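> Can you read through this structure? Questions will come right after.
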Amino acid sequence: MIVNYLMIGFGFAFLLDLMTHIFRNHEAWKDAPQWDWKARIAFVLFWPLGISIFLYAFIKSYLK
């Protein structure tokens with residue numbers, strides 16, 4: 001169960017790294033901070049919290 005949790009976190013971190021690499025020259029990503037290993041590890045450990053906050057904000061702005 002813990003391995004699944006970590007693998008999902010690594011998957012989300014990989015997708016975020018991939019999106020950052022693909023859109024690195026886009027205007028929206030110009031001011032985005034660079035990832036370091038501390039941020040990646042924190043993301044892998046706390047991804048449910050981040051996804052929950054994102055979904056809450058997205059739904060709130062969508063229903064506005």
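Numbering starts fresh at 1 for the residues of each chain in the structure tokens, the chains themselves are lettered A, B, ... in the order given, and ligands are numbered from 1 as they appear.
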Any chance you could list, as a PDB file with N, CA and C atoms, in the first residue's frame, the residues in chain A that come up helix (DSSP H, G or I) when DSSP is run on the backbone?

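Output file out-v7.pdb follows:
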```pdb
ATOM      1  N   ILE A   2       1.918   1.270   0.776  1.00  0.00           N
ATOM      2  CA  ILE A   2       2.814   2.427   0.819  1.00  0.00           C
ATOM      3  C   ILE A   2       3.540   2.573  -0.516  1.00  0.00           C
ATOM      4  N   VAL A   3       3.888   1.442  -1.127  1.00  0.00           N
ATOM      5  CA  VAL A   3       4.568   1.487  -2.420  1.00  0.00           C
ATOM      6  C   VAL A   3       3.646   2.090  -3.480  1.00  0.00           C
ATOM      7  N   ASN A   4       2.370   1.730  -3.451  1.00  0.00           N
ATOM      8  CA  ASN A   4       1.404   2.305  -4.398  1.00  0.00           C
ATOM      9  C   ASN A   4       1.299   3.811  -4.210  1.00  0.00           C
ATOM     10  N   TYR A   5       1.224   4.251  -2.974  1.00  0.00           N
ATOM     11  CA  TYR A   5       1.151   5.674  -2.660  1.00  0.00           C
ATOM     12  C   TYR A   5       2.359   6.418  -3.232  1.00  0.00           C
ATOM     13  N   LEU A   6       3.546   5.858  -3.024  1.00  0.00           N
ATOM     14  CA  LEU A   6       4.766   6.489  -3.528  1.00  0.00           C
ATOM     15  C   LEU A   6       4.832   6.449  -5.055  1.00  0.00           C
ATOM     16  N   MET A   7       4.407   5.357  -5.667  1.00  0.00           N
ATOM     17  CA  MET A   7       4.437   5.257  -7.131  1.00  0.00           C
ATOM     18  C   MET A   7       3.484   6.254  -7.778  1.00  0.00           C
ATOM     19  N   ILE A   8       2.322   6.450  -7.192  1.00  0.00           N
ATOM     20  CA  ILE A   8       1.397   7.455  -7.718  1.00  0.00           C
ATOM     21  C   ILE A   8       2.025   8.836  -7.588  1.00  0.00           C
ATOM     22  N   GLY A   9       2.667   9.110  -6.467  1.00  0.00           N
ATOM     23  CA  GLY A   9       3.357  10.382  -6.282  1.00  0.00           C
ATOM     24  C   GLY A   9       4.473  10.579  -7.289  1.00  0.00           C
ATOM     25  N   PHE A  10       5.252   9.530  -7.549  1.00  0.00           N
ATOM     26  CA  PHE A  10       6.314   9.617  -8.550  1.00  0.00           C
ATOM     27  C   PHE A  10       5.721   9.840  -9.940  1.00  0.00           C
ATOM     28  N   GLY A  11       4.590   9.213 -10.206  1.00  0.00           N
ATOM     29  CA  GLY A  11       3.931   9.408 -11.502  1.00  0.00           C
ATOM     30  C   GLY A  11       3.488  10.849 -11.694  1.00  0.00           C
ATOM     31  N   PHE A  12       2.860  11.426 -10.664  1.00  0.00           N
ATOM     32  CA  PHE A  12       2.446  12.832 -10.748  1.00  0.00           C
ATOM     33  C   PHE A  12       3.649  13.759 -10.865  1.00  0.00           C
ATOM     34  N   ALA A  13       4.714  13.480 -10.129  1.00  0.00           N
ATOM     35  CA  ALA A  13       5.915  14.308 -10.213  1.00  0.00           C
ATOM     36  C   ALA A  13       6.533  14.207 -11.605  1.00  0.00           C
ATOM     37  N   PHE A  14       6.540  13.009 -12.179  1.00  0.00           N
ATOM     38  CA  PHE A  14       7.061  12.842 -13.530  1.00  0.00           C
ATOM     39  C   PHE A  14       6.238  13.637 -14.533  1.00  0.00           C
ATOM     40  N   LEU A  15       4.906  13.571 -14.419  1.00  0.00           N
ATOM     41  CA  LEU A  15       4.056  14.332 -15.335  1.00  0.00           C
ATOM     42  C   LEU A  15       4.275  15.830 -15.191  1.00  0.00           C
ATOM     43  N   LEU A  16       4.451  16.300 -13.980  1.00  0.00           N
ATOM     44  CA  LEU A  16       4.707  17.717 -13.769  1.00  0.00           C
ATOM     45  C   LEU A  16       6.067  18.114 -14.344  1.00  0.00           C
ATOM     46  N   ASP A  17       7.078  17.285 -14.165  1.00  0.00           N
ATOM     47  CA  ASP A  17       8.393  17.541 -14.770  1.00  0.00           C
ATOM     48  C   ASP A  17       8.296  17.554 -16.301  1.00  0.00           C
ATOM     49  N   LEU A  18       7.549  16.621 -16.842  1.00  0.00           N
ATOM     50  CA  LEU A  18       7.383  16.538 -18.290  1.00  0.00           C
ATOM     51  C   LEU A  18       6.674  17.776 -18.828  1.00  0.00           C
ATOM     52  N   MET A  19       5.607  18.199 -18.161  1.00  0.00           N
ATOM     53  CA  MET A  19       4.884  19.402 -18.586  1.00  0.00           C
ATOM     54  C   MET A  19       5.764  20.648 -18.474  1.00  0.00           C
ATOM     55  N   THR A  20       6.556  20.716 -17.426  1.00  0.00           N
ATOM     56  CA  THR A  20       7.468  21.844 -17.260  1.00  0.00           C
ATOM     57  C   THR A  20       8.499  21.864 -18.384  1.00  0.00           C
ATOM     58  N   HIS A  21       8.980  20.705 -18.762  1.00  0.00           N
ATOM     59  CA  HIS A  21       9.971  20.626 -19.842  1.00  0.00           C
ATOM     60  C   HIS A  21       9.346  20.981 -21.192  1.00  0.00           C
ATOM     61  N   ILE A  22       8.155  20.483 -21.456  1.00  0.00           N
ATOM     62  CA  ILE A  22       7.505  20.740 -22.741  1.00  0.00           C
ATOM     63  C   ILE A  22       7.148  22.216 -22.898  1.00  0.00           C
ATOM     64  N   GLU A  27       4.720  31.536 -21.979  1.00  0.00           N
ATOM     65  CA  GLU A  27       4.639  32.696 -21.082  1.00  0.00           C
ATOM     66  C   GLU A  27       4.169  32.338 -19.681  1.00  0.00           C
ATOM     67  N   ALA A  28       3.236  31.422 -19.578  1.00  0.00           N
ATOM     68  CA  ALA A  28       2.678  31.054 -18.272  1.00  0.00           C
ATOM     69  C   ALA A  28       3.714  30.387 -17.367  1.00  0.00           C
ATOM     70  N   TRP A  29       4.735  29.780 -17.952  1.00  0.00           N
ATOM     71  CA  TRP A  29       5.737  29.057 -17.172  1.00  0.00           C
ATOM     72  C   TRP A  29       6.995  29.872 -16.927  1.00  0.00           C
ATOM     73  N   TRP A  37      15.401  18.757  -5.806  1.00  0.00           N
ATOM     74  CA  TRP A  37      15.053  17.441  -5.263  1.00  0.00           C
ATOM     75  C   TRP A  37      14.204  17.533  -4.008  1.00  0.00           C
ATOM     76  N   LYS A  38      14.391  18.589  -3.221  1.00  0.00           N
ATOM     77  CA  LYS A  38      13.549  18.751  -2.023  1.00  0.00           C
ATOM     78  C   LYS A  38      12.093  18.926  -2.409  1.00  0.00           C
ATOM     79  N   ALA A  39      11.841  19.731  -3.433  1.00  0.00           N
ATOM     80  CA  ALA A  39      10.471  19.957  -3.887  1.00  0.00           C
ATOM     81  C   ALA A  39       9.872  18.685  -4.469  1.00  0.00           C
ATOM     82  N   ARG A  40      10.654  17.929  -5.202  1.00  0.00           N
ATOM     83  CA  ARG A  40      10.146  16.677  -5.781  1.00  0.00           C
ATOM     84  C   ARG A  40       9.780  15.676  -4.684  1.00  0.00           C
ATOM     85  N   ILE A  41      10.639  15.549  -3.683  1.00  0.00           N
ATOM     86  CA  ILE A  41      10.366  14.602  -2.597  1.00  0.00           C
ATOM     87  C   ILE A  41       9.142  15.041  -1.802  1.00  0.00           C
ATOM     88  N   ALA A  42       9.029  16.336  -1.532  1.00  0.00           N
ATOM     89  CA  ALA A  42       7.846  16.847  -0.829  1.00  0.00           C
ATOM     90  C   ALA A  42       6.586  16.596  -1.649  1.00  0.00           C
ATOM     91  N   PHE A  43       6.672  16.773  -2.967  1.00  0.00           N
ATOM     92  CA  PHE A  43       5.521  16.527  -3.826  1.00  0.00           C
ATOM     93  C   PHE A  43       5.118  15.061  -3.792  1.00  0.00           C
ATOM     94  N   VAL A  44       6.105  14.166  -3.841  1.00  0.00           N
ATOM     95  CA  VAL A  44       5.806  12.734  -3.812  1.00  0.00           C
ATOM     96  C   VAL A  44       5.136  12.353  -2.495  1.00  0.00           C
ATOM     97  N   LEU A  45       5.553  12.962  -1.394  1.00  0.00           N
ATOM     98  CA  LEU A  45       4.988  12.604  -0.092  1.00  0.00           C
ATOM     99  C   LEU A  45       3.630  13.244   0.173  1.00  0.00           C
ATOM    100  N   PHE A  46       3.416  14.451  -0.348  1.00  0.00           N
ATOM    101  CA  PHE A  46       2.195  15.197  -0.018  1.00  0.00           C
ATOM    102  C   PHE A  46       1.289  15.428  -1.225  1.00  0.00           C
ATOM    103  N   TRP A  47       1.357  14.582  -2.245  1.00  0.00           N
ATOM    104  CA  TRP A  47       0.566  14.796  -3.445  1.00  0.00           C
ATOM    105  C   TRP A  47      -0.941  14.788  -3.204  1.00  0.00           C
ATOM    106  N   PRO A  48      -1.502  14.010  -2.284  1.00  0.00           N
ATOM    107  CA  PRO A  48      -2.961  14.070  -2.110  1.00  0.00           C
ATOM    108  C   PRO A  48      -3.432  15.447  -1.633  1.00  0.00           C
ATOM    109  N   LEU A  49      -2.668  16.078  -0.784  1.00  0.00           N
ATOM    110  CA  LEU A  49      -3.021  17.406  -0.309  1.00  0.00           C
ATOM    111  C   LEU A  49      -3.009  18.412  -1.465  1.00  0.00           C
ATOM    112  N   GLY A  50      -1.980  18.361  -2.286  1.00  0.00           N
ATOM    113  CA  GLY A  50      -1.882  19.272  -3.422  1.00  0.00           C
ATOM    114  C   GLY A  50      -2.986  19.058  -4.436  1.00  0.00           C
ATOM    115  N   ILE A  51      -3.309  17.807  -4.716  1.00  0.00           N
ATOM    116  CA  ILE A  51      -4.372  17.512  -5.676  1.00  0.00           C
ATOM    117  C   ILE A  51      -5.714  17.959  -5.109  1.00  0.00           C
ATOM    118  N   SER A  52      -5.925  17.783  -3.811  1.00  0.00           N
ATOM    119  CA  SER A  52      -7.177  18.224  -3.193  1.00  0.00           C
ATOM    120  C   SER A  52      -7.335  19.738  -3.279  1.00  0.00           C
ATOM    121  N   ILE A  53      -6.283  20.467  -2.985  1.00  0.00           N
ATOM    122  CA  ILE A  53      -6.337  21.930  -3.062  1.00  0.00           C
ATOM    123  C   ILE A  53      -6.572  22.373  -4.505  1.00  0.00           C
ATOM    124  N   PHE A  54      -5.888  21.735  -5.450  1.00  0.00           N
ATOM    125  CA  PHE A  54      -6.079  22.077  -6.861  1.00  0.00           C
ATOM    126  C   PHE A  54      -7.515  21.837  -7.304  1.00  0.00           C
ATOM    127  N   LEU A  55      -8.062  20.668  -6.981  1.00  0.00           N
ATOM    128  CA  LEU A  55      -9.434  20.356  -7.388  1.00  0.00           C
ATOM    129  C   LEU A  55     -10.443  21.309  -6.758  1.00  0.00           C
ATOM    130  N   TYR A  56     -10.236  21.640  -5.488  1.00  0.00           N
ATOM    131  CA  TYR A  56     -11.129  22.582  -4.815  1.00  0.00           C
ATOM    132  C   TYR A  56     -11.109  23.947  -5.520  1.00  0.00           C
ATOM    133  N   ALA A  57      -9.906  24.460  -5.793  1.00  0.00           N
ATOM    134  CA  ALA A  57      -9.790  25.765  -6.455  1.00  0.00           C
ATOM    135  C   ALA A  57     -10.333  25.711  -7.880  1.00  0.00           C
ATOM    136  N   PHE A  58     -10.076  24.626  -8.585  1.00  0.00           N
ATOM    137  CA  PHE A  58     -10.557  24.498  -9.954  1.00  0.00           C
ATOM    138  C   PHE A  58     -12.070  24.457 -10.002  1.00  0.00           C
ATOM    139  N   ILE A  59     -12.682  23.661  -9.162  1.00  0.00           N
ATOM    140  CA  ILE A  59     -14.139  23.563  -9.142  1.00  0.00           C
ATOM    141  C   ILE A  59     -14.759  24.876  -8.697  1.00  0.00           C
ATOM    142  N   LYS A  60     -14.157  25.516  -7.708  1.00  0.00           N
ATOM    143  CA  LYS A  60     -14.657  26.807  -7.233  1.00  0.00           C
ATOM    144  C   LYS A  60     -14.618  27.851  -8.345  1.00  0.00           C
ATOM    145  N   SER A  61     -13.525  27.907  -9.102  1.00  0.00           N
ATOM    146  CA  SER A  61     -13.430  28.894 -10.177  1.00  0.00           C
ATOM    147  C   SER A  61     -14.315  28.503 -11.365  1.00  0.00           C
ATOM    148  N   TYR A  62     -14.512  27.215 -11.589  1.00  0.00           N
ATOM    149  CA  TYR A  62     -15.340  26.761 -12.702  1.00  0.00           C
ATOM    150  C   TYR A  62     -16.819  27.067 -12.455  1.00  0.00           C
TER     151      TYR A  62
END
```
